>>> print(open('data_7.tsv').read())   # TSV, C-alpha atoms and all ligand atoms
chain	number	residue	atom	x	y	z
Z	1	MET	CA	0.00	0.00	0.00
Z	2	LYS	CA	2.83	2.38	0.83
Z	3	ASN	CA	4.36	1.94	-2.62
Z	4	ASP	CA	0.96	2.50	-4.23
Z	5	ARG	CA	0.61	5.79	-2.44
Z	6	VAL	CA	4.06	6.92	-3.55
Z	7	SER	CA	3.39	5.98	-7.16
Z	8	ILE	CA	0.04	7.76	-7.16
Z	9	ARG	CA	1.69	10.88	-5.80
Z	10	SER	CA	4.55	10.70	-8.32
Z	11	ASN	CA	2.02	10.60	-11.15
Z	12	GLN	CA	0.38	13.83	-10.03
Z	13	LYS	CA	1.10	16.88	-12.18
Z	14	THR	CA	3.33	19.56	-10.80
Z	15	PRO	CA	1.58	22.95	-11.19
Z	16	GLY	CA	3.46	25.55	-13.16
Z	17	THR	CA	2.48	25.46	-16.80
Z	18	GLN	CA	0.00	27.93	-18.29
Z	19	ASN	CA	-2.59	25.17	-18.69
Z	20	ASP	CA	-2.12	24.03	-15.10
Z	21	LEU	CA	-2.49	27.56	-13.80
Z	22	ALA	CA	-5.59	28.07	-15.90
Z	23	SER	CA	-7.15	24.83	-14.69
Z	24	THR	CA	-6.26	25.67	-11.08
Z	25	ALA	CA	-7.90	29.08	-11.49
Z	26	ASN	CA	-10.96	27.46	-13.06
Z	27	ARG	CA	-11.17	24.95	-10.25
Z	28	ARG	CA	-10.89	27.67	-7.61
Z	29	SER	CA	-13.55	29.66	-9.34
Z	30	PHE	CA	-15.78	26.57	-9.50
Z	31	ILE	CA	-15.28	25.81	-5.81
Z	32	LYS	CA	-15.93	29.47	-4.92
Z	33	LYS	CA	-19.16	29.49	-6.91
Z	34	THR	CA	-20.23	26.12	-5.47
Z	35	LEU	CA	-19.62	27.22	-1.89
Z	36	ALA	CA	-21.41	30.51	-2.54
Z	37	ALA	CA	-24.36	28.61	-3.95
Z	38	ALA	CA	-24.37	26.34	-0.90
Z	39	GLY	CA	-24.85	29.41	1.31
Z	40	ALA	CA	-22.67	31.19	3.82
Z	41	ALA	CA	-23.98	29.28	6.83
Z	42	SER	CA	-23.04	25.86	5.54
Z	43	VAL	CA	-19.64	27.09	4.42
Z	44	SER	CA	-18.78	28.36	7.88
Z	45	ALA	CA	-20.03	25.11	9.40
Z	46	VAL	CA	-17.55	23.09	7.34
Z	47	PRO	CA	-14.02	24.29	8.05
Z	48	LEU	CA	-12.60	21.75	5.62
Z	49	ALA	CA	-8.90	22.14	6.35
Z	50	ALA	CA	-9.27	22.10	10.12
Z	51	GLN	CA	-11.26	18.90	10.51
Z	52	THR	CA	-8.47	16.36	10.69
Z	53	SER	CA	-5.49	18.56	11.45
Z	54	ASN	CA	-3.42	17.94	14.60
Z	55	GLY	CA	-4.77	14.39	14.86
Z	56	GLN	CA	-8.00	15.67	16.39
Z	57	LEU	CA	-11.32	13.98	15.83
Z	58	THR	CA	-14.07	15.90	14.08
Z	59	PRO	CA	-16.91	16.66	16.51
Z	60	GLY	CA	-19.12	14.29	14.52
Z	61	ASP	CA	-16.65	11.41	14.67
Z	62	ALA	CA	-16.17	11.94	18.40
Z	63	ALA	CA	-19.94	11.93	18.90
Z	64	ILE	CA	-20.32	8.67	16.97
Z	65	LEU	CA	-17.50	7.00	18.94
Z	66	ARG	CA	-18.96	8.25	22.22
Z	67	PHE	CA	-22.39	6.87	21.42
Z	68	LEU	CA	-20.87	3.53	20.47
Z	69	ALA	CA	-18.76	3.52	23.66
Z	70	ALA	CA	-21.96	4.02	25.69
Z	71	ALA	CA	-23.68	1.20	23.79
Z	72	GLU	CA	-20.70	-1.09	24.40
Z	73	ILE	CA	-20.63	-0.24	28.14
Z	74	LEU	CA	-24.30	-1.18	28.36
Z	75	GLU	CA	-23.71	-4.35	26.35
Z	76	THR	CA	-20.81	-5.29	28.63
Z	77	ASP	CA	-22.97	-4.78	31.69
Z	78	PHE	CA	-25.65	-7.25	30.70
Z	79	TRP	CA	-23.19	-9.75	29.25
Z	80	VAL	CA	-21.41	-9.75	32.62
Z	81	GLN	CA	-24.72	-10.67	34.25
Z	82	TYR	CA	-25.08	-13.59	31.83
Z	83	ASN	CA	-21.50	-14.69	32.42
Z	84	GLU	CA	-21.80	-14.60	36.20
Z	85	LEU	CA	-24.70	-17.06	36.11
Z	86	GLY	CA	-24.40	-19.02	32.86
Z	87	GLY	CA	-20.95	-18.41	31.42
Z	88	ILE	CA	-17.43	-19.11	32.62
Z	89	PRO	CA	-16.27	-16.65	35.28
Z	90	ASP	CA	-12.46	-16.43	35.12
Z	91	SER	CA	-9.65	-13.91	35.11
Z	92	GLU	CA	-10.64	-12.67	31.62
Z	93	VAL	CA	-14.25	-12.12	32.63
Z	94	PRO	CA	-14.29	-11.88	36.41
Z	95	GLY	CA	-17.36	-11.73	38.64
Z	96	GLY	CA	-19.82	-14.30	39.95
Z	97	SER	CA	-19.33	-18.02	40.38
Z	98	GLY	CA	-21.87	-19.63	38.04
Z	99	ASN	CA	-25.33	-21.06	38.59
Z	100	PRO	CA	-25.20	-24.80	37.76
Z	101	ALA	CA	-28.94	-25.25	37.07
Z	102	TYR	CA	-29.18	-22.19	34.78
Z	103	THR	CA	-25.93	-23.17	33.04
Z	104	GLU	CA	-27.36	-26.62	32.40
Z	105	ALA	CA	-30.56	-25.14	30.94
Z	106	LEU	CA	-28.45	-22.97	28.58
Z	107	SER	CA	-26.32	-26.01	27.72
Z	108	ASN	CA	-29.47	-27.87	26.63
Z	109	LEU	CA	-29.44	-25.43	23.68
Z	110	ASP	CA	-25.75	-26.05	22.92
Z	111	GLU	CA	-23.12	-27.62	25.13
Z	112	ASP	CA	-20.76	-24.77	24.18
Z	113	PHE	CA	-23.26	-22.11	25.29
Z	114	PRO	CA	-21.27	-21.11	28.45
Z	115	GLN	CA	-18.08	-20.71	26.39
Z	116	TYR	CA	-19.88	-18.48	23.89
Z	117	VAL	CA	-21.29	-16.36	26.74
Z	118	HIS	CA	-17.79	-15.96	28.15
Z	119	ASP	CA	-16.25	-14.99	24.82
Z	120	ASN	CA	-19.03	-12.57	23.91
Z	121	THR	CA	-18.63	-10.89	27.31
Z	122	ASP	CA	-14.87	-10.70	26.86
Z	123	ASP	CA	-15.37	-9.09	23.42
Z	124	GLU	CA	-17.72	-6.43	24.77
Z	125	PHE	CA	-15.23	-5.47	27.49
Z	126	THR	CA	-12.61	-4.88	24.81
Z	127	HIS	CA	-14.99	-2.84	22.63
Z	128	GLN	CA	-15.89	-0.62	25.56
Z	129	ASN	CA	-12.29	-0.20	26.69
Z	130	PHE	CA	-10.90	0.38	23.20
Z	131	LEU	CA	-13.44	3.02	22.21
Z	132	ASN	CA	-12.94	5.03	25.39
Z	133	ALA	CA	-9.14	4.70	25.17
Z	134	TYR	CA	-9.20	5.82	21.54
Z	135	LEU	CA	-11.33	8.85	22.39
Z	136	MET	CA	-8.88	9.82	25.13
Z	137	SER	CA	-5.87	9.26	22.86
Z	138	LYS	CA	-7.35	11.94	20.59
Z	139	GLY	CA	-8.01	14.35	23.45
Z	140	ALA	CA	-11.75	13.68	23.34
Z	141	ALA	CA	-13.94	12.98	26.36
Z	142	PRO	CA	-14.68	9.28	27.08
Z	143	VAL	CA	-18.02	7.97	28.34
Z	144	ASN	CA	-18.59	7.09	31.98
Z	145	LEU	CA	-21.88	5.50	32.99
Z	146	GLU	CA	-20.76	4.42	36.49
Z	147	PRO	CA	-22.97	7.02	38.25
Z	148	PHE	CA	-25.93	5.08	36.83
Z	149	ARG	CA	-24.87	1.73	38.27
Z	150	THR	CA	-27.90	1.64	40.53
Z	151	LEU	CA	-30.04	-1.35	39.51
Z	152	PRO	CA	-30.24	-4.40	41.76
Z	153	GLY	CA	-29.50	-7.53	39.76
Z	154	SER	CA	-30.14	-11.20	40.36
Z	155	THR	CA	-29.71	-12.61	43.85
Z	156	ALA	CA	-29.66	-16.21	42.60
Z	157	THR	CA	-26.75	-18.49	43.48
Z	158	GLY	CA	-23.68	-17.47	41.49
Z	159	SER	CA	-24.49	-13.77	41.10
Z	160	SER	CA	-21.87	-11.32	42.38
Z	161	GLY	CA	-24.69	-9.17	43.72
Z	162	LYS	CA	-23.15	-6.00	42.34
Z	163	LEU	CA	-25.30	-3.12	41.13
Z	164	ARG	CA	-26.09	-3.02	37.40
Z	165	LEU	CA	-26.66	-0.57	34.57
Z	166	THR	CA	-29.13	-2.82	32.75
Z	167	ASN	CA	-32.11	-4.95	33.67
Z	168	LEU	CA	-32.39	-8.50	32.28
Z	169	MET	CA	-35.39	-9.40	34.39
Z	170	GLN	CA	-38.29	-7.56	32.67
Z	171	LEU	CA	-37.62	-8.04	28.97
Z	172	THR	CA	-40.11	-7.62	26.13
Z	173	LEU	CA	-38.43	-8.93	23.01
Z	174	ASP	CA	-39.08	-7.96	19.42
Z	175	THR	CA	-38.19	-11.23	17.69
Z	176	SER	CA	-39.10	-10.04	14.18
Z	177	TRP	CA	-35.40	-9.98	13.18
Z	178	TYR	CA	-35.83	-13.75	12.80
Z	179	THR	CA	-38.24	-13.45	9.86
Z	180	ARG	CA	-36.61	-10.21	8.61
Z	181	TYR	CA	-33.39	-12.15	7.91
Z	182	ARG	CA	-35.36	-14.96	6.23
Z	183	SER	CA	-37.40	-12.73	3.95
Z	184	SER	CA	-36.38	-12.68	0.27
Z	185	THR	CA	-38.84	-9.94	-0.66
Z	186	GLN	CA	-38.71	-7.37	2.13
Z	187	ASN	CA	-36.02	-4.99	3.41
Z	188	PRO	CA	-37.01	-2.45	6.09
Z	189	ASP	CA	-34.80	0.16	4.36
Z	190	LEU	CA	-36.99	-0.04	1.25
Z	191	ASN	CA	-40.34	-0.67	2.93
Z	192	PRO	CA	-40.23	0.63	6.53
Z	193	ASN	CA	-43.94	-0.05	7.01
Z	194	PHE	CA	-43.77	-3.79	6.41
Z	195	VAL	CA	-44.40	-5.75	9.62
Z	196	PHE	CA	-42.23	-8.86	9.90
Z	197	PRO	CA	-43.88	-11.70	11.88
Z	198	GLN	CA	-42.58	-12.46	15.34
Z	199	ALA	CA	-40.71	-15.74	15.81
Z	200	VAL	CA	-41.94	-16.03	19.42
Z	201	PRO	CA	-45.03	-13.81	19.75
Z	202	GLY	CA	-45.20	-14.47	23.50
Z	203	LEU	CA	-41.86	-12.73	24.11
Z	204	HIS	CA	-43.21	-9.62	22.37
Z	205	SER	CA	-46.11	-9.19	24.80
Z	206	GLY	CA	-45.41	-9.23	28.50
Z	207	GLN	CA	-42.23	-9.03	30.57
Z	208	PHE	CA	-39.91	-11.97	31.05
Z	209	THR	CA	-36.66	-12.62	32.80
Z	210	ALA	CA	-33.65	-13.95	30.90
Z	211	ILE	CA	-31.77	-14.92	34.08
Z	212	PRO	CA	-32.93	-16.56	37.32
Z	213	ARG	CA	-33.92	-13.62	39.55
Z	214	THR	CA	-33.60	-15.67	42.72
Z	215	ASP	CA	-33.14	-19.38	43.44
Z	216	ALA	CA	-36.94	-19.66	43.33
Z	217	ASP	CA	-36.61	-19.40	39.53
Z	218	LEU	CA	-34.53	-22.59	39.37
Z	219	SER	CA	-37.65	-24.78	39.32
Z	220	PRO	CA	-39.82	-26.18	37.89
Z	221	ALA	CA	-37.58	-27.32	35.03
Z	222	ALA	CA	-39.85	-25.96	32.27
Z	223	HIS	CA	-39.78	-22.51	33.92
Z	224	LEU	CA	-35.99	-22.48	34.09
Z	225	GLN	CA	-35.75	-23.71	30.48
Z	226	ALA	CA	-38.09	-20.90	29.40
Z	227	ILE	CA	-35.75	-18.42	31.14
Z	228	ALA	CA	-32.78	-19.92	29.28
Z	229	ASN	CA	-34.77	-19.78	26.03
Z	230	THR	CA	-35.58	-16.12	26.69
Z	231	ALA	CA	-31.82	-15.50	27.01
Z	232	ALA	CA	-31.25	-17.40	23.78
Z	233	PHE	CA	-33.60	-14.98	22.01
Z	234	HIS	CA	-32.43	-11.88	23.85
Z	235	MET	CA	-28.81	-12.41	22.81
Z	236	PRO	CA	-29.39	-12.36	19.02
Z	237	THR	CA	-32.03	-9.65	19.41
Z	238	ILE	CA	-29.33	-7.41	20.87
Z	239	GLU	CA	-26.51	-8.47	18.57
Z	240	GLN	CA	-28.50	-8.03	15.36
Z	241	GLY	CA	-28.99	-4.44	16.55
Z	242	GLY	CA	-25.22	-3.90	16.81
Z	243	ASN	CA	-24.92	-5.64	13.49
Z	244	SER	CA	-26.99	-2.84	11.90
Z	245	LEU	CA	-25.79	0.03	14.09
Z	246	TYR	CA	-22.13	-0.02	13.03
Z	247	PRO	CA	-22.68	0.07	9.25
Z	248	SER	CA	-25.47	2.63	9.71
Z	249	LEU	CA	-23.22	5.03	11.65
Z	250	ALA	CA	-20.16	4.31	9.49
Z	251	GLN	CA	-21.89	6.23	6.72
Z	252	ARG	CA	-21.59	9.41	8.83
Z	253	VAL	CA	-17.91	9.06	9.73
Z	254	THR	CA	-15.35	11.47	8.25
Z	255	ASN	CA	-11.91	10.22	9.32
Z	256	VAL	CA	-10.69	7.03	7.62
Z	257	GLU	CA	-9.19	5.68	10.85
Z	258	VAL	CA	-12.51	6.13	12.66
Z	259	LEU	CA	-14.19	4.42	9.72
Z	260	ARG	CA	-11.70	1.58	10.13
Z	261	ILE	CA	-12.70	1.23	13.79
Z	262	LEU	CA	-16.38	0.97	12.92
Z	263	LEU	CA	-15.71	-1.43	10.05
Z	264	SER	CA	-13.56	-3.62	12.31
Z	265	ILE	CA	-15.78	-3.78	15.40
Z	266	GLY	CA	-19.10	-4.00	13.55
Z	267	PRO	CA	-18.46	-7.42	11.99
Z	268	THR	CA	-17.67	-8.95	15.40
Z	269	GLU	CA	-21.22	-8.01	16.38
Z	270	THR	CA	-22.25	-9.94	13.28
Z	271	CYS	CA	-20.19	-12.95	14.42
Z	272	HIS	CA	-22.04	-12.82	17.73
Z	273	PHE	CA	-25.41	-12.48	16.02
Z	274	GLN	CA	-24.75	-15.50	13.83
Z	275	ILE	CA	-23.88	-17.71	16.81
Z	276	TRP	CA	-26.87	-16.59	18.87
Z	277	HIS	CA	-29.20	-16.88	15.91
Z	278	ASP	CA	-28.34	-20.59	15.88
Z	279	LYS	CA	-28.95	-20.93	19.64
Z	280	ALA	CA	-32.32	-19.21	19.33
Z	281	GLY	CA	-33.17	-21.80	16.69
Z	282	ALA	CA	-32.41	-24.56	19.20
Z	283	ALA	CA	-34.99	-23.04	21.58
Z	284	VAL	CA	-37.74	-23.30	18.96
Z	285	SER	CA	-37.02	-26.74	17.54
Z	286	SER	CA	-37.27	-30.35	18.64
Z	287	PRO	CA	-36.48	-31.81	21.16
Z	288	LEU	CA	-36.85	-28.70	23.38
Z	289	ALA	CA	-39.84	-27.16	21.59
Z	290	PRO	CA	-42.69	-26.73	21.95
Z	291	LEU	CA	-42.32	-25.61	25.54
Z	292	THR	CA	-44.66	-23.63	27.79
Z	293	ASP	CA	-43.58	-22.01	31.04
Z	294	PRO	CA	-46.09	-23.34	33.60
Z	295	THR	CA	-45.71	-20.21	35.75
Z	296	ASN	CA	-46.71	-17.60	33.16
Z	297	GLY	CA	-47.85	-19.34	29.95
Z	298	LEU	CA	-44.91	-18.11	27.82
Z	299	THR	CA	-44.72	-20.52	24.87
Z	300	PHE	CA	-41.82	-21.34	22.59
Z	301	PRO	CA	-43.33	-22.99	19.48
Z	302	ASP	CA	-41.61	-25.58	17.30
Z	303	LEU	CA	-40.87	-23.42	14.26
Z	304	ASN	CA	-40.02	-26.41	12.07
Z	305	SER	CA	-43.52	-27.88	12.34
Z	306	PRO	CA	-46.87	-26.72	10.92
Z	307	PRO	CA	-48.23	-24.07	10.94
Z	308	PHE	CA	-44.62	-22.79	10.87
Z	309	GLY	CA	-41.69	-24.20	8.87
Z	310	GLY	CA	-40.74	-23.07	5.39
Z	311	GLU	CA	-38.25	-20.36	4.48
Z	312	ASP	CA	-39.68	-17.82	6.94
Z	313	PHE	CA	-39.27	-20.00	10.03
Z	314	GLN	CA	-37.06	-23.07	9.42
Z	315	THR	CA	-34.52	-22.97	12.23
Z	316	ASN	CA	-31.38	-23.94	10.32
Z	317	LEU	CA	-31.74	-21.08	7.82
Z	318	ILE	CA	-29.49	-18.81	9.84
Z	319	MET	CA	-27.61	-17.13	7.00
Z	320	PRO	CA	-29.13	-13.88	5.66
Z	321	GLU	CA	-31.53	-14.65	2.82
Z	322	PRO	CA	-30.81	-12.39	-0.19
Z	323	CYS	CA	-33.31	-9.52	-0.29
Z	324	PRO	CA	-33.84	-6.25	-2.17
Z	325	PHE	CA	-31.02	-3.78	-1.50
Z	326	LEU	CA	-30.92	-0.05	-2.36
Z	327	SER	CA	-33.50	-0.45	-5.13
Z	328	ASN	CA	-36.08	-3.00	-6.17
Z	329	SER	CA	-34.71	-2.69	-9.71
Z	330	LEU	CA	-31.35	-4.14	-8.63
Z	331	PRO	CA	-30.86	-7.88	-8.12
Z	332	PRO	CA	-31.38	-9.32	-4.60
Z	333	CYS	CA	-28.33	-9.35	-2.36
Z	334	SER	CA	-27.44	-11.14	0.88
Z	335	ILE	CA	-26.85	-8.25	3.27
Z	336	ILE	CA	-27.12	-6.89	6.79
Z	337	ARG	CA	-30.38	-4.96	7.15
Z	338	PRO	CA	-31.40	-2.33	8.01
Z	339	THR	CA	-28.40	-0.08	7.38
Z	340	GLN	CA	-30.26	3.14	6.72
Z	341	THR	CA	-28.31	5.87	8.56
Z	342	GLU	CA	-30.92	8.55	9.34
Z	343	GLY	CA	-31.69	8.49	13.08
Z	344	ALA	CA	-29.89	5.17	13.55
Z	345	ALA	CA	-28.48	5.97	17.00
Z	346	MET	CA	-31.80	7.19	18.42
Z	347	GLY	CA	-33.45	4.18	16.83
Z	348	ALA	CA	-31.08	1.95	18.79
Z	349	VAL	CA	-31.87	3.79	22.04
Z	350	ASN	CA	-35.60	3.47	21.44
Z	351	PHE	CA	-35.21	-0.22	20.58
Z	352	LEU	CA	-33.27	-0.97	23.78
Z	353	THR	CA	-35.65	1.11	25.88
Z	354	ALA	CA	-38.74	-0.63	24.47
Z	355	MET	CA	-37.04	-3.95	25.23
Z	356	GLY	CA	-37.14	-3.06	28.94
Z	357	LEU	CA	-33.36	-3.21	29.26
Z	358	PHE	CA	-33.30	0.05	31.22
Z	359	ILE	CA	-36.35	-0.43	33.44
Z	360	GLY	CA	-35.52	1.20	36.79
Z	361	GLN	CA	-33.02	3.70	35.37
Z	362	SER	CA	-33.23	7.38	36.26
Z	363	PRO	CA	-34.49	10.20	34.00
Z	364	ALA	CA	-30.88	11.52	33.95
Z	365	PHE	CA	-29.74	8.23	32.43
Z	366	PHE	CA	-32.27	8.46	29.61
Z	367	ARG	CA	-31.40	12.14	29.03
Z	368	LEU	CA	-27.71	11.32	28.71
Z	369	LEU	CA	-28.31	8.38	26.39
Z	370	GLN	CA	-30.61	10.45	24.19
Z	371	ASP	CA	-28.12	13.35	24.10
Z	372	LEU	CA	-25.37	10.97	23.01
Z	373	ALA	CA	-27.63	9.47	20.33
Z	374	ARG	CA	-28.76	12.87	19.07
Z	375	ALA	CA	-25.15	14.04	18.73
Z	376	ALA	CA	-24.21	10.86	16.83
Z	377	ASP	CA	-27.20	11.22	14.51
Z	378	ASN	CA	-26.30	14.86	13.85
Z	379	ALA	CA	-22.80	13.87	12.69
Z	380	ARG	CA	-22.23	14.40	8.99
Z	381	ARG	CA	-19.53	12.99	6.74
Z	382	LEU	CA	-17.53	16.10	5.90
Z	383	PHE	CA	-15.36	14.99	2.99
U	1	FE	FE	-19.84	-4.95	21.12
>>> encode(input="data_7.tsv", output="structure tokens")
Amino acid sequence: MKNDRVSIRSNQKTPGTQNDLASTANRRSFIKKTLAAAGAASVSAVPLAAQTSNGQLTPGDAAILRFLAAAEILETDFWVQYNELGGIPDSEVPGGSGNPAYTEALSNLDEDFPQYVHDNTDDEFTHQNFLNAYLMSKGAAPVNLEPFRTLPGSTATGSSGKLRLTNLMQLTLDTSWYTRYRSSTQNPDLNPNFVFPQAVPGLHSGQFTAIPRTDADLSPAAHLQAIANTAAFHMPTIEQGGNSLYPSLAQRVTNVEVLRILLSIGPTETCHFQIWHDKAGAAVSSPLAPLTDPTNGLTFPDLNSPPFGGEDFQTNLIMPEPCPFLSNSLPPCSIIRPTQTEGAAMGAVNFLTAMGLFIGQSPAFFRLLQDLARAADNARRLF
């Protein structure tokens, strides 16, 4: 790459000839006219030369990184709760001592489930730490949500008992991502009004815990399995959001290094989504499904059997089905969706809030999160 850059530079014309001077003058005149046409206000709002000088971040790039840092801190917080009870607490991901019954219920979905929980938690720690460290390395303010660590978490065996930022015990899950990624005809970016069917309608109406709240949740077995199944749907529901958020915000980034950060972290969210998508499938297929929680009626159907099945529900169809992209006149394409950038950060906040992930948080918490999202959504790619 270095050689390419040198050769490109060496091929550039050196100004000096009459023609060069004339074309430079014409170009300047064109730029002057274009900027004048764009209006004085927008010209003053775009100090082109200053944006990446001195290694500083543009305000927009800093705002995007700060919003993502906040999102990663919140992700880390709930993944830690999962790891304490159903993962592998160790020196990489400290805290808690494991809950054998809950871990076994998760392992019914995949014997490697605890390892995946551990690794996902480890990843989120590094995303959170990297983004804040990068902000500080550029002289920009990092994000600190510690003042909002006020929520009581699980008191079940294995929990560290520490205060939390997020609430895993009153979740209402929008499971329509499941059919969105199986649809070959619909893309929310092209048809935002289309309603994708829920994979588990019960999770979308009511509030359910994804972790044992106390040891009373460890029985009966069908209740504990329903809690594990709720976790198995919550995990991909979250990760598919990150999967869309990074490419959506990348379209607003100015600095190529910041773009590189978004393009490098975003796909790990996709790796997570893909794994959890498969585990969710295990919760809605034989031999575990159908299953009804005897304490609250929450039902996980068998999505491979009538009236389900087919391309919209079959549980092993976990790779994105090709769908319309950019225009219905272009051929279908296997893609992450949605990736529309307008209001993407606030959309993520609203999605997480509607999920119940922040139930119990203070008005100041929501104000801060919305301010961070608004600033990220106001970022514009400058050049
Ligand atoms: Fe992450």
>>> residues_near_ligand(input="data_7.tsv", ligand="ligand FE 1 (chain U)", cutoff="6 Å", atoms="all atoms listed in the file", output="PyMOL selection string")
chain Z and resi 72+124+127+269
>>> residues_near_point(input="data_7.tsv", point="(-40.9, -7.6, 32.4)", cutoff="8 Å", atoms="all atoms listed in the file", output="list in words")
Met169, Gln170, Leu171, Thr172, Gly206, Gln207, Phe208, Thr209 and Gly356 of chain Z
>>> closest_residue(input="data_7.tsv", among="Z:Pro100, Z:Pro322, Z:Pro94, Z:Pro197", to="Asp122 (chain Z)", atoms="all atoms listed in the file")
Z:Pro94
>>> residues_around(input="data_7.tsv", residues="Ile238 (chain Z)", least_positions_apart="4", cutoff="10 Å", atoms="all atoms listed in the file", output="number ranges by chain")
Z: 75, 173-174, 233-234, 242-243, 269, 272-273, 276, 348, 351-352, 355
>>> closest_residue(input="data_7.tsv", among="Z:Thr126, Z:Ser205, Z:Thr315, Z:Ser362", to="Ala283 (chain Z)", atoms="all atoms listed in the file")
Z:Thr315
>>> atom_distance(input="data_7.tsv", atom1="CA of Pro247 (chain Z)", atom2="CA of Val200 (chain Z)")
27.1 Å
>>> closest_residue(input="data_7.tsv", among="Z:Asn187, Z:Gln115, Z:Asn108, Z:Asn120", to="Trp79 (chain Z)", atoms="only C-alpha atoms")
Z:Asn120
>>> residues_around(input="data_7.tsv", residues="region 285-295 of chain Z", least_positions_apart="6", cutoff="9 Å", atoms="all atoms listed in the file", output="JSON, numbers by chain")
{"Z": [108, 109, 220, 221, 222, 223, 224, 225, 226, 227, 301, 302, 303, 304, 305, 314, 315]}
>>> closest_residue(input="data_7.tsv", among="Z:Thr103, Z:Ser97, Z:Asn132, Z:Ser248", to="Leu65 (chain Z)", atoms="only C-alpha atoms")
Z:Asn132
